[in-house]
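Q: entry_24.txt is reproduced below (compact mmCIF, C-alpha atoms).
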# COMPACT_ATOMS: atom_id res chain seq x y z
CA MET R 1 -7.43 0.50 -38.42
CA SER R 2 -10.01 0.73 -35.65
CA ILE R 3 -12.13 -2.23 -34.55
CA LEU R 4 -15.26 -0.52 -35.79
CA GLY R 5 -13.54 0.26 -39.05
CA LYS R 6 -12.62 -3.40 -39.55
CA PHE R 7 -16.19 -4.42 -38.74
CA LEU R 8 -17.58 -2.08 -41.37
CA ARG R 9 -15.10 -3.13 -44.01
CA GLY R 10 -16.91 -4.45 -47.08
CA PRO R 11 -16.30 -7.77 -48.82
CA ALA R 12 -14.34 -6.06 -51.58
CA GLU R 13 -10.54 -5.84 -51.28
CA ARG R 14 -10.80 -2.03 -50.95
CA PRO R 15 -13.83 -0.46 -49.26
CA ALA R 16 -16.08 1.90 -51.12
CA PRO R 17 -15.23 5.62 -50.80
CA GLU R 18 -18.16 6.09 -48.46
CA LEU R 19 -16.86 3.38 -46.15
CA GLU R 20 -13.33 4.79 -46.28
CA ALA R 21 -14.67 8.17 -45.18
CA LEU R 22 -16.70 6.54 -42.44
CA GLN R 23 -13.64 4.62 -41.20
CA ARG R 24 -11.59 7.83 -41.07
CA ARG R 25 -14.37 9.51 -39.13
CA LEU R 26 -14.62 6.59 -36.70
CA ALA R 27 -10.86 6.68 -36.14
CA GLU R 28 -11.06 10.42 -35.43
CA ILE R 29 -13.91 9.85 -32.95
CA GLU R 30 -11.90 7.14 -31.16
CA ARG R 31 -8.89 9.49 -30.85
CA THR R 32 -11.16 12.22 -29.49
CA LEU R 33 -12.69 9.83 -26.93
CA GLU R 34 -9.24 8.72 -25.78
CA ARG R 35 -8.11 12.34 -25.34
CA SER R 36 -11.32 13.06 -23.40
CA ARG R 37 -10.67 10.05 -21.16
CA GLN R 38 -7.14 11.26 -20.43
CA LEU R 39 -8.36 14.78 -19.70
CA ALA R 40 -11.02 13.39 -17.34
CA TYR R 41 -8.32 11.50 -15.40
CA PHE R 42 -6.16 14.61 -15.21
CA GLN R 43 -9.13 16.64 -13.97
CA LEU R 44 -9.92 14.00 -11.34
CA ASP R 45 -6.30 14.05 -10.16
CA MET R 46 -6.33 17.83 -9.90
CA LEU R 47 -9.62 17.86 -7.98
CA ALA R 48 -8.37 15.18 -5.60
CA ALA R 49 -5.10 17.05 -5.07
CA ARG R 50 -7.02 20.24 -4.29
CA GLU R 51 -9.26 18.44 -1.81
CA LEU R 52 -6.20 16.91 -0.15
CA ARG R 53 -4.63 20.35 0.28
CA GLU R 54 -7.85 21.68 1.79
CA LEU R 55 -8.18 18.70 4.13
CA ARG R 56 -4.60 18.94 5.35
CA ALA R 57 -5.12 22.62 6.08
CA ASP R 58 -7.60 21.61 8.80
CA PRO R 59 -6.06 22.79 12.10
CA ARG R 60 -6.55 19.41 13.77
CA TYR R 61 -4.09 17.83 11.33
CA GLY R 62 -1.49 20.38 12.38
CA ALA R 63 -1.64 19.44 16.07
CA PRO R 64 1.68 18.34 17.58
CA GLY R 65 2.44 14.71 16.87
CA ARG R 66 -0.17 14.25 14.11
CA LEU R 67 0.92 12.35 11.00
CA GLU R 68 -1.53 13.26 8.23
CA ARG R 69 0.48 16.15 6.82
CA TYR R 70 3.49 13.88 6.30
CA GLY R 71 1.56 11.65 3.90
CA GLN R 72 3.31 11.03 0.60
CA LYS R 73 2.93 8.44 -2.13
CA ILE R 74 5.99 6.96 -3.77
CA TRP R 75 5.07 3.31 -4.26
CA SER R 76 2.41 2.83 -1.59
CA GLN R 77 -1.23 2.76 -2.63
CA ASN R 78 -2.04 6.03 -0.91
CA ASP R 79 0.21 8.18 1.28
CA GLU R 80 1.60 5.45 3.53
CA ASP R 81 5.20 5.92 2.30
CA GLY R 82 5.46 9.40 3.79
CA ILE R 83 3.76 8.52 7.07
CA LEU R 84 6.01 5.51 7.62
CA ALA R 85 9.10 7.59 6.85
CA GLU R 86 8.02 10.11 9.49
CA ILE R 87 7.31 7.40 12.07
CA PHE R 88 10.79 5.93 11.64
CA ARG R 89 12.33 9.40 11.68
CA ARG R 90 10.85 9.82 15.14
CA ILE R 91 11.60 6.40 16.64
CA GLY R 92 14.46 5.18 14.46
CA ALA R 93 14.91 1.79 12.80
CA ALA R 94 16.56 -1.09 14.63
CA THR R 95 16.99 -3.98 12.19
CA ARG R 96 15.87 -2.33 8.91
CA SER R 97 13.58 -5.26 8.26
CA PHE R 98 9.91 -5.66 7.35
CA VAL R 99 7.12 -8.18 6.84
CA GLU R 100 4.17 -7.53 4.55
CA PHE R 101 1.43 -9.80 3.32
CA GLY R 102 -1.10 -9.00 0.66
CA VAL R 103 1.53 -7.33 -1.59
CA SER R 104 0.11 -8.37 -5.00
CA ASP R 105 3.06 -8.04 -7.43
CA GLY R 106 4.97 -5.76 -5.05
CA ARG R 107 4.99 -2.67 -7.24
CA GLU R 108 2.45 -0.82 -5.09
CA CYS R 109 2.79 -1.73 -1.44
CA ASN R 110 3.85 -0.27 1.90
CA THR R 111 7.37 -1.73 1.94
CA LEU R 112 8.76 -1.29 -1.58
CA ARG R 113 10.34 2.04 -0.68
CA LEU R 114 12.12 0.37 2.23
CA LEU R 115 13.33 -2.46 -0.01
CA VAL R 116 14.74 0.04 -2.51
CA GLU R 117 16.45 1.88 0.36
CA GLY R 118 18.32 -1.27 1.36
CA TRP R 119 16.06 -2.88 3.96
CA GLN R 120 15.42 -6.63 3.96
CA GLY R 121 12.04 -8.22 4.26
CA LEU R 122 9.45 -10.93 3.76
CA TRP R 123 6.57 -10.68 1.31
CA MET R 124 3.65 -13.11 1.30
CA GLU R 125 1.08 -13.30 -1.48
CA SER R 126 -1.42 -15.98 -2.54
CA ASP R 127 -1.88 -15.07 -6.21
CA ALA R 128 0.39 -17.24 -8.36
CA ALA R 129 0.55 -14.79 -11.28
CA ALA R 130 1.47 -11.91 -8.95
CA CYS R 131 4.19 -14.03 -7.32
CA GLY R 132 5.55 -14.89 -10.75
CA ARG R 133 5.87 -11.21 -11.51
CA VAL R 134 7.59 -10.58 -8.17
CA ARG R 135 10.15 -13.26 -9.01
CA ARG R 136 10.82 -11.60 -12.37
CA VAL R 137 10.77 -7.94 -11.37
CA PHE R 138 12.55 -8.37 -8.04
CA ALA R 139 14.97 -11.10 -9.10
CA ALA R 140 18.00 -9.15 -7.81
CA PRO R 141 16.92 -8.62 -4.16
CA LEU R 142 15.57 -12.18 -4.11
CA ALA R 143 18.94 -13.51 -5.31
CA GLU R 144 20.79 -11.30 -2.80
CA GLY R 145 18.67 -12.66 0.03
CA ARG R 146 17.34 -9.22 0.96
CA LEU R 147 13.83 -10.24 -0.08
CA GLU R 148 12.07 -13.46 0.85
CA LEU R 149 8.86 -14.40 -0.99
CA ARG R 150 6.28 -16.89 0.22
CA GLU R 151 3.56 -17.86 -2.24
CA THR R 152 0.83 -18.76 0.22
CA SER R 153 -2.58 -17.88 1.54
CA VAL R 154 -2.48 -16.35 5.01
CA SER R 155 -4.93 -17.45 7.68
CA ALA R 156 -5.27 -17.34 11.45
CA GLU R 157 -4.33 -21.03 11.47
CA ASN R 158 -1.04 -20.74 9.57
CA ILE R 159 0.26 -17.21 10.08
CA ASP R 160 2.35 -17.83 13.17
CA ALA R 161 4.06 -20.89 11.68
CA LEU R 162 4.80 -18.97 8.47
CA LEU R 163 6.39 -16.12 10.40
CA ALA R 164 8.31 -18.39 12.76
CA SER R 165 9.88 -20.27 9.84
CA SER R 166 10.96 -17.14 7.95
CA ARG R 167 14.64 -16.37 7.52
CA VAL R 168 13.94 -12.63 7.71
CA THR R 169 12.01 -12.77 10.96
CA ALA R 170 14.66 -15.06 12.46
CA ALA R 171 17.35 -12.52 11.54
CA SER R 172 15.41 -9.81 13.36
CA ALA R 173 14.96 -12.07 16.41
CA GLY R 174 11.20 -11.79 15.93
CA GLU R 175 11.25 -8.00 16.15
CA PRO R 176 11.18 -6.55 12.62
CA ASP R 177 10.80 -2.82 12.33
CA LEU R 178 7.55 -3.07 10.38
CA LEU R 179 4.62 -5.43 9.91
CA SER R 180 2.05 -4.47 7.24
CA ILE R 181 -1.26 -6.34 6.93
CA ASP R 182 -3.71 -5.87 4.05
CA ILE R 183 -5.79 -8.94 3.22
CA ASP R 184 -9.24 -7.33 2.79
CA GLY R 185 -11.24 -9.07 5.47
CA ASN R 186 -9.50 -11.31 7.98
CA ASP R 187 -6.91 -8.71 9.03
CA TYR R 188 -8.17 -8.49 12.64
CA HIS R 189 -8.27 -12.25 13.12
CA VAL R 190 -4.83 -12.83 11.58
CA LEU R 191 -3.32 -10.09 13.74
CA GLY R 192 -4.87 -11.74 16.79
CA ALA R 193 -3.24 -15.06 15.89
CA ILE R 194 0.32 -13.71 15.70
CA ARG R 195 2.47 -14.74 18.65
CA SER R 196 5.95 -15.22 17.21
CA LEU R 197 6.43 -11.61 16.07
CA ARG R 198 6.71 -8.35 17.97
CA PRO R 199 7.23 -5.65 15.34
CA ARG R 200 8.13 -2.12 16.35
CA VAL R 201 5.56 -0.60 13.95
CA LEU R 202 2.30 -2.07 12.70
CA VAL R 203 0.27 -0.93 9.69
CA ILE R 204 -3.13 -2.54 9.18
CA GLU R 205 -6.11 -1.78 6.97
CA TYR R 206 -9.34 -0.81 8.73
CA ASN R 207 -12.89 -0.27 7.54
CA GLY R 208 -13.29 3.49 7.45
CA LYS R 209 -17.06 3.31 7.13
CA TYR R 210 -17.46 2.65 10.85
CA PRO R 211 -16.34 5.44 13.20
CA PRO R 212 -15.42 4.97 16.87
CA PRO R 213 -16.79 3.80 19.22
CA MET R 214 -18.20 1.19 16.79
CA ASP R 215 -16.04 -1.89 17.41
CA LEU R 216 -17.24 -4.12 14.59
CA VAL R 217 -15.45 -7.30 13.52
CA PRO R 218 -16.68 -9.52 10.66
CA PRO R 219 -16.84 -13.24 11.52
CA TYR R 220 -13.68 -15.17 10.73
CA ASP R 221 -13.84 -17.08 7.46
CA PRO R 222 -10.55 -18.56 6.19
CA ALA R 223 -12.06 -18.78 2.69
CA HIS R 224 -13.13 -15.11 2.64
CA ALA R 225 -12.51 -13.18 -0.56
CA TRP R 226 -13.34 -9.49 -0.81
CA ASP R 227 -16.32 -8.87 -3.10
CA GLY R 228 -15.68 -5.14 -3.54
CA SER R 229 -18.34 -4.12 -1.00
CA ASP R 230 -18.03 -2.46 2.43
CA TYR R 231 -17.79 -5.92 3.98
CA MET R 232 -14.02 -5.84 4.03
CA GLY R 233 -12.56 -5.62 7.52
CA ALA R 234 -12.86 -4.56 11.13
CA SER R 235 -13.49 -1.05 12.39
CA LEU R 236 -10.67 1.13 13.69
CA GLN R 237 -11.93 0.88 17.27
CA ALA R 238 -11.91 -2.93 17.18
CA ILE R 239 -8.39 -3.08 15.79
CA ALA R 240 -7.15 -0.45 18.25
CA ASN R 241 -8.62 -2.44 21.14
CA LEU R 242 -6.85 -5.61 20.00
CA ALA R 243 -3.58 -3.80 19.37
CA ALA R 244 -3.69 -2.16 22.80
CA ARG R 245 -4.04 -5.58 24.44
CA ARG R 246 -0.89 -6.57 22.56
CA GLY R 247 1.05 -3.53 23.75
CA TYR R 248 0.61 -1.20 20.77
CA ARG R 249 -0.55 2.39 20.66
CA LEU R 250 -2.53 3.92 17.80
CA VAL R 251 -0.50 6.87 16.53
CA GLY R 252 -2.48 7.84 13.43
CA THR R 253 -4.44 6.97 10.32
CA ASN R 254 -3.98 8.13 6.76
CA ILE R 255 -6.22 10.76 5.30
CA THR R 256 -8.02 8.39 2.93
CA GLY R 257 -9.25 6.35 5.89
CA ALA R 258 -7.60 3.14 4.71
CA ASN R 259 -4.70 2.30 7.04
CA ALA R 260 -4.02 2.63 10.75
CA PHE R 261 -0.53 3.02 12.18
CA PHE R 262 0.51 1.59 15.54
CA VAL R 263 3.80 1.84 17.43
CA ARG R 264 4.86 -0.41 20.26
CA SER R 265 3.98 1.36 23.48
CA ASP R 266 7.54 1.19 24.83
CA LEU R 267 8.71 3.22 21.80
CA ALA R 268 5.83 5.66 21.28
CA ALA R 269 5.98 7.90 24.34
CA GLY R 270 6.59 11.57 23.54
CA HIS R 271 6.73 11.10 19.78
CA PHE R 272 3.08 11.19 18.72
CA ALA R 273 -0.21 12.96 19.31
CA ASP R 274 -1.69 12.08 22.69
CA GLU R 275 -5.22 11.62 21.34
CA ASP R 276 -7.82 8.87 21.58
CA VAL R 277 -9.06 6.59 18.80
CA ALA R 278 -11.97 8.86 17.87
CA ALA R 279 -9.68 11.87 17.44
CA LEU R 280 -7.23 9.94 15.26
CA PHE R 281 -9.94 8.37 13.10
CA ASN R 282 -10.18 9.36 9.44
CA PRO R 283 -13.34 8.27 7.56
CA ALA R 284 -13.23 6.43 4.26
CA ARG R 285 -12.22 8.86 1.51
CA TYR R 286 -11.26 6.30 -1.09
CA TRP R 287 -12.09 8.65 -3.95
CA LEU R 288 -8.96 10.60 -3.07
CA SER R 289 -6.66 7.72 -4.02
CA PRO R 290 -6.35 8.88 -7.66
CA GLY R 291 -4.91 12.12 -6.25
CA TYR R 292 -1.89 10.26 -4.90
CA VAL R 293 -0.03 10.23 -8.19
CA ALA R 294 3.75 10.51 -7.97
CA GLY R 295 4.89 10.86 -11.58
CA HIS R 296 4.19 7.98 -13.93
CA PRO R 297 2.84 4.56 -12.83
CA PRO R 298 5.41 2.17 -11.30
CA GLY R 299 7.52 0.31 -13.83
CA GLU R 300 9.36 -2.97 -13.49
CA HIS R 301 12.87 -1.79 -12.61
CA PHE R 302 13.90 -1.04 -9.03
CA ASP R 303 17.68 -1.51 -9.19
CA TYR R 304 18.38 2.03 -8.03
CA THR R 305 21.52 3.22 -6.32
CA SER R 306 22.14 6.46 -4.44
CA ASP R 307 24.27 9.50 -5.09
CA ALA R 308 26.07 8.84 -1.81
CA ALA R 309 26.93 5.28 -2.90
CA LEU R 310 28.19 6.48 -6.28
CA GLU R 311 30.33 9.18 -4.67
CA LYS R 312 31.76 6.67 -2.19
CA ALA R 313 32.62 4.27 -5.02
CA LEU R 314 34.23 7.11 -6.99
CA LYS R 315 36.42 8.14 -4.06
CA SER R 316 37.48 4.57 -3.40
CA GLY R 317 38.46 4.13 -7.05
CA ARG R 318 35.95 1.41 -7.81
For the structure just supplied, provide its representation as structure tokens.
A:
Amino acid sequence: MSILGKFLRGPAERPAPELEALQRRLAEIERTLERSRQLAYFQLDMLAARELRELRADPRYGAPGRLERYGQKIWSQNDEDGILAEIFRRIGAATRSFVEFGVSDGRECNTLRLLVEGWQGLWMESDAAACGRVRRVFAAPLAEGRLELRETSVSAENIDALLASSRVTAASAGEPDLLSIDIDGNDYHVLGAIRSLRPRVLVIEYNGKYPPPMDLVPPYDPAHAWDGSDYMGASLQAIANLAARRGYRLVGTNITGANAFFVRSDLAAGHFADEDVAALFNPARYWLSPGYVAGHPPGEHFDYTSDAALEKALKSGR
């Protein structure tokens, strides 16, 4: 029985016929509203998908070395999965290791695909409930030692010590293939404080509201918490300037204007578009995120294997 139906239920054990009819009508209205809500979501997804196709048809995205057309969502929030796969196709992976902080419960982040594909990595997250879910959902890779979880807040003061003490970063000799930063505010300052790590690829969130050459950086506040407004991080130009001083080259941004991708300068030559920050900038198009739907929402099981592994086991008699 619907909530409204229960509210309208009379004091008698069985409601009067008029109330019974009203309850049936209310239940029908609730079902209709739910169907309308679902149809509205489907329509939004279709409109976003159409806009994405039209955007990617822009000739500038087809220039040699550009990354936007490789965007694909599997478990990333937007299309970062596909862009990262293309970056590593071009430069290769050395240690098959990653570091990501700001992962929430891990089911929608930039490194889950890599974890499923056999990489090892470090996740850091401050939310206790989210970490509890990581421990439950990803119990197998945690037990195997392929995944390391740190339940901690990340700041400019503690980030380098956290990374230096990690088993995963030690195994990669301080050079993991990927570092992903998404902490909704202090990203620039935390990146600037990292000394113990020299990843081959860097992904970091930028504030797509501010186009180059605006090099805006919000003041550092270790207690900062995103309030849902546009006060949520540094501009692309500011982050690109900092990354360049650290020996990294901007190679692209995703089409929603959320994340910037950098490759270490000694690895990037000849593999990516030779364009400046302004040319590689994508403005904030956050409304397109609902368009990045890959099947149903992520579940809580990631113990996949591969056809190649099954065939190998079959041939070996295991």
Q: For R:Ser306, which residue out of R:Gly118, R:Ala238, R:Leu216, R:Asn110 is the nearest one, using all atoms listed in the file?
A: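 The closest residue to R:Ser306 is R:Gly118.
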Q: Starting from the point (-2.4, -8.0, -1.7), work out which residues of protein, DNA or RNA have an atom no more than 8 Å away when counting all atoms listed in the file; state them as a list of chain:residue names.
A: R:Phe101, R:Gly102, R:Val103, R:Ser104, R:Asp105, R:Glu125, R:Asp182, R:Ile183
Q: List every residue of stretch 168-287 of chain R that has an atom at most 9 Å from any atom of stretch 56-67 of chain R, and for each one report the closest atom pair and its distance in Å to one decimal, counting only C-alpha atoms, with rows sorted by chain and then by increasing residue number, as a tab-separated table.
A:
residue	atom	partner	partner_atom	distance
R:Val251	CA	R:Arg66	CA	7.8
R:Gly252	CA	R:Leu67	CA	6.1
R:Thr253	CA	R:Leu67	CA	7.6
R:Asn254	CA	R:Leu67	CA	7.7
R:Ile255	CA	R:Arg56	CA	8.3
R:Gly270	CA	R:Gly65	CA	8.5
R:His271	CA	R:Gly65	CA	6.3
R:Phe272	CA	R:Gly65	CA	4.0
R:Ala273	CA	R:Gly65	CA	4.0
R:Asp274	CA	R:Gly65	CA	7.6
R:Ala279	CA	R:Arg60	CA	9.0
R:Leu280	CA	R:Arg66	CA	8.4
Q: R:Ile74: which residues within 12 Å, counting all atoms listed in the file, same-chain residues fewer than 3 positions away excluded, as a PyMOL selection string?
A: chain R and resi 71+77-85+107-114+116+292-298
Q: Out of R:Ala164, R:Ala128, R:Ala243, R:Val190, which residue has the shortest atom-to-atom distance to R:Phe261 when counting all atoms listed in the file?
A: R:Ala243
Q: Which of these residues is nearest to R:Val134, using only C-alpha atoms: R:Glu300, R:Glu311, R:Glu34, R:Glu100?
A: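 Of the candidates, the smallest distance to R:Val134 is held by R:Glu300.
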Q: I need the residue nearest R:Val137 from this list: R:Arg245, R:Lys312, R:His301, R:Arg89. Use all atoms listed in the file for the distance.
A: R:His301
Q: Tell me which of R:Tyr220, R:Trp119, R:Phe138, R:Tyr286 sits closest to R:Gly208, counting only C-alpha atoms.
A: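 That would be R:Tyr286, the residue with the smallest distance to R:Gly208.
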Q: With only C-alpha atoms counted and 10 Å as the cut-off, give the residues of stretch 128-184 of chain R in contact with stretch 192-196 of chain R, each with its shortest interatomic distance in Å and the pair that gives it, as JSON lines.
A:
{"residue": "R:Ser155", "atom": "CA", "partner": "R:Ala193", "partner_atom": "CA", "distance": 8.7}
{"residue": "R:Ala156", "atom": "CA", "partner": "R:Ala193", "partner_atom": "CA", "distance": 5.4}
{"residue": "R:Glu157", "atom": "CA", "partner": "R:Ala193", "partner_atom": "CA", "distance": 7.5}
{"residue": "R:Asn158", "atom": "CA", "partner": "R:Ala193", "partner_atom": "CA", "distance": 8.8}
{"residue": "R:Ile159", "atom": "CA", "partner": "R:Ile194", "partner_atom": "CA", "distance": 6.6}
{"residue": "R:Asp160", "atom": "CA", "partner": "R:Ile194", "partner_atom": "CA", "distance": 5.2}
{"residue": "R:Ala161", "atom": "CA", "partner": "R:Ser196", "partner_atom": "CA", "distance": 8.1}
{"residue": "R:Leu162", "atom": "CA", "partner": "R:Ser196", "partner_atom": "CA", "distance": 9.6}
{"residue": "R:Leu163", "atom": "CA", "partner": "R:Ser196", "partner_atom": "CA", "distance": 6.9}
{"residue": "R:Ala164", "atom": "CA", "partner": "R:Ser196", "partner_atom": "CA", "distance": 6.0}
{"residue": "R:Ser165", "atom": "CA", "partner": "R:Ser196", "partner_atom": "CA", "distance": 9.8}
{"residue": "R:Thr169", "atom": "CA", "partner": "R:Ser196", "partner_atom": "CA", "distance": 9.0}
{"residue": "R:Ala170", "atom": "CA", "partner": "R:Ser196", "partner_atom": "CA", "distance": 9.9}
{"residue": "R:Ala173", "atom": "CA", "partner": "R:Ser196", "partner_atom": "CA", "distance": 9.6}
{"residue": "R:Gly174", "atom": "CA", "partner": "R:Ser196", "partner_atom": "CA", "distance": 6.4}
{"residue": "R:Glu175", "atom": "CA", "partner": "R:Ser196", "partner_atom": "CA", "distance": 9.0}
Q: Quick one: of R:Ile29, R:Ala140, R:Ala244, R:Val277, who's nearest to R:Arg264, counting all atoms listed in the file?
A: R:Ala244
Q: Export stretch 78-106 of chain R, N, CA and C atoms, as a JSON list (two decimals), in the first residue's frame; it's the structure right above.
A:
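Output contents, as saved in out-v7.json:
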[["chain", "number", "residue", "atom", "x", "y", "z"],
["R", 78, "ASN", "N", 33.07, 9.68, -15.78],
["R", 78, "ASN", "CA", 32.72, 10.15, -17.12],
["R", 78, "ASN", "C", 33.35, 9.21, -18.15],
["R", 79, "ASP", "N", 34.22, 9.74, -18.98],
["R", 79, "ASP", "CA", 34.82, 8.91, -20.03],
["R", 79, "ASP", "C", 36.31, 8.65, -19.81],
["R", 80, "GLU", "N", 36.75, 8.77, -18.55],
["R", 80, "GLU", "CA", 38.17, 8.65, -18.26],
["R", 80, "GLU", "C", 38.73, 7.27, -18.57],
["R", 81, "ASP", "N", 37.92, 6.21, -18.41],
["R", 81, "ASP", "CA", 38.40, 4.86, -18.68],
["R", 81, "ASP", "C", 38.97, 4.73, -20.09],
["R", 82, "GLY", "N", 38.24, 5.23, -21.07],
["R", 82, "GLY", "CA", 38.69, 5.09, -22.45],
["R", 82, "GLY", "C", 39.92, 5.93, -22.75],
["R", 83, "ILE", "N", 39.97, 7.14, -22.21],
["R", 83, "ILE", "CA", 41.12, 8.01, -22.45],
["R", 83, "ILE", "C", 42.38, 7.42, -21.83],
["R", 84, "LEU", "N", 42.27, 6.90, -20.62],
["R", 84, "LEU", "CA", 43.43, 6.29, -19.98],
["R", 84, "LEU", "C", 43.91, 5.06, -20.75],
["R", 85, "ALA", "N", 42.96, 4.26, -21.23],
["R", 85, "ALA", "CA", 43.35, 3.09, -22.01],
["R", 85, "ALA", "C", 44.12, 3.50, -23.26],
["R", 86, "GLU", "N", 43.70, 4.59, -23.90],
["R", 86, "GLU", "CA", 44.40, 5.05, -25.10],
["R", 86, "GLU", "C", 45.77, 5.61, -24.76],
["R", 87, "ILE", "N", 45.88, 6.33, -23.66],
["R", 87, "ILE", "CA", 47.19, 6.85, -23.25],
["R", 87, "ILE", "C", 48.17, 5.70, -23.03],
["R", 88, "PHE", "N", 47.75, 4.67, -22.31],
["R", 88, "PHE", "CA", 48.67, 3.56, -22.05],
["R", 88, "PHE", "C", 48.89, 2.70, -23.30],
["R", 89, "ARG", "N", 47.95, 2.71, -24.23],
["R", 89, "ARG", "CA", 48.22, 2.03, -25.51],
["R", 89, "ARG", "C", 49.37, 2.70, -26.23],
["R", 90, "ARG", "N", 49.43, 4.03, -26.10],
["R", 90, "ARG", "CA", 50.48, 4.78, -26.80],
["R", 90, "ARG", "C", 51.83, 4.71, -26.11],
["R", 91, "ILE", "N", 51.85, 4.76, -24.79],
["R", 91, "ILE", "CA", 53.15, 4.83, -24.09],
["R", 91, "ILE", "C", 53.50, 3.54, -23.36],
["R", 92, "GLY", "N", 52.54, 2.61, -23.27],
["R", 92, "GLY", "CA", 52.79, 1.38, -22.55],
["R", 92, "GLY", "C", 52.70, 1.55, -21.04],
["R", 93, "ALA", "N", 52.63, 0.43, -20.35],
["R", 93, "ALA", "CA", 52.61, 0.42, -18.88],
["R", 93, "ALA", "C", 53.87, -0.27, -18.39],
["R", 94, "ALA", "N", 54.48, 0.30, -17.36],
["R", 94, "ALA", "CA", 55.74, -0.24, -16.86],
["R", 94, "ALA", "C", 55.54, -1.19, -15.68],
["R", 95, "THR", "N", 54.90, -0.71, -14.63],
["R", 95, "THR", "CA", 54.72, -1.51, -13.42],
["R", 95, "THR", "C", 53.29, -1.99, -13.21],
["R", 96, "ARG", "N", 52.36, -1.55, -14.03],
["R", 96, "ARG", "CA", 50.94, -1.89, -13.89],
["R", 96, "ARG", "C", 50.47, -1.60, -12.46],
["R", 97, "SER", "N", 50.75, -0.37, -12.04],
["R", 97, "SER", "CA", 50.39, 0.05, -10.69],
["R", 97, "SER", "C", 49.78, 1.44, -10.73],
["R", 98, "PHE", "N", 48.97, 1.75, -9.72],
["R", 98, "PHE", "CA", 48.27, 3.04, -9.68],
["R", 98, "PHE", "C", 48.13, 3.52, -8.25],
["R", 99, "VAL", "N", 47.88, 4.83, -8.13],
["R", 99, "VAL", "CA", 47.52, 5.47, -6.86],
["R", 99, "VAL", "C", 46.34, 6.38, -7.16],
["R", 100, "GLU", "N", 45.30, 6.30, -6.34],
["R", 100, "GLU", "CA", 44.17, 7.21, -6.51],
["R", 100, "GLU", "C", 43.65, 7.59, -5.13],
["R", 101, "PHE", "N", 43.41, 8.89, -4.95],
["R", 101, "PHE", "CA", 42.74, 9.29, -3.71],
["R", 101, "PHE", "C", 41.53, 10.15, -4.03],
["R", 102, "GLY", "N", 40.51, 9.95, -3.16],
["R", 102, "GLY", "CA", 39.19, 10.49, -3.42],
["R", 102, "GLY", "C", 38.37, 9.48, -4.20],
["R", 103, "VAL", "N", 38.40, 8.18, -3.80],
["R", 103, "VAL", "CA", 37.77, 7.11, -4.58],
["R", 103, "VAL", "C", 36.35, 6.80, -4.12],
["R", 104, "SER", "N", 35.88, 7.41, -3.02],
["R", 104, "SER", "CA", 34.59, 7.05, -2.43],
["R", 104, "SER", "C", 34.60, 5.55, -2.12],
["R", 105, "ASP", "N", 33.58, 4.80, -2.60],
["R", 105, "ASP", "CA", 33.56, 3.36, -2.29],
["R", 105, "ASP", "C", 34.22, 2.53, -3.39],
["R", 106, "GLY", "N", 34.88, 3.20, -4.35],
["R", 106, "GLY", "CA", 35.66, 2.50, -5.36],
["R", 106, "GLY", "C", 34.89, 2.01, -6.56]]
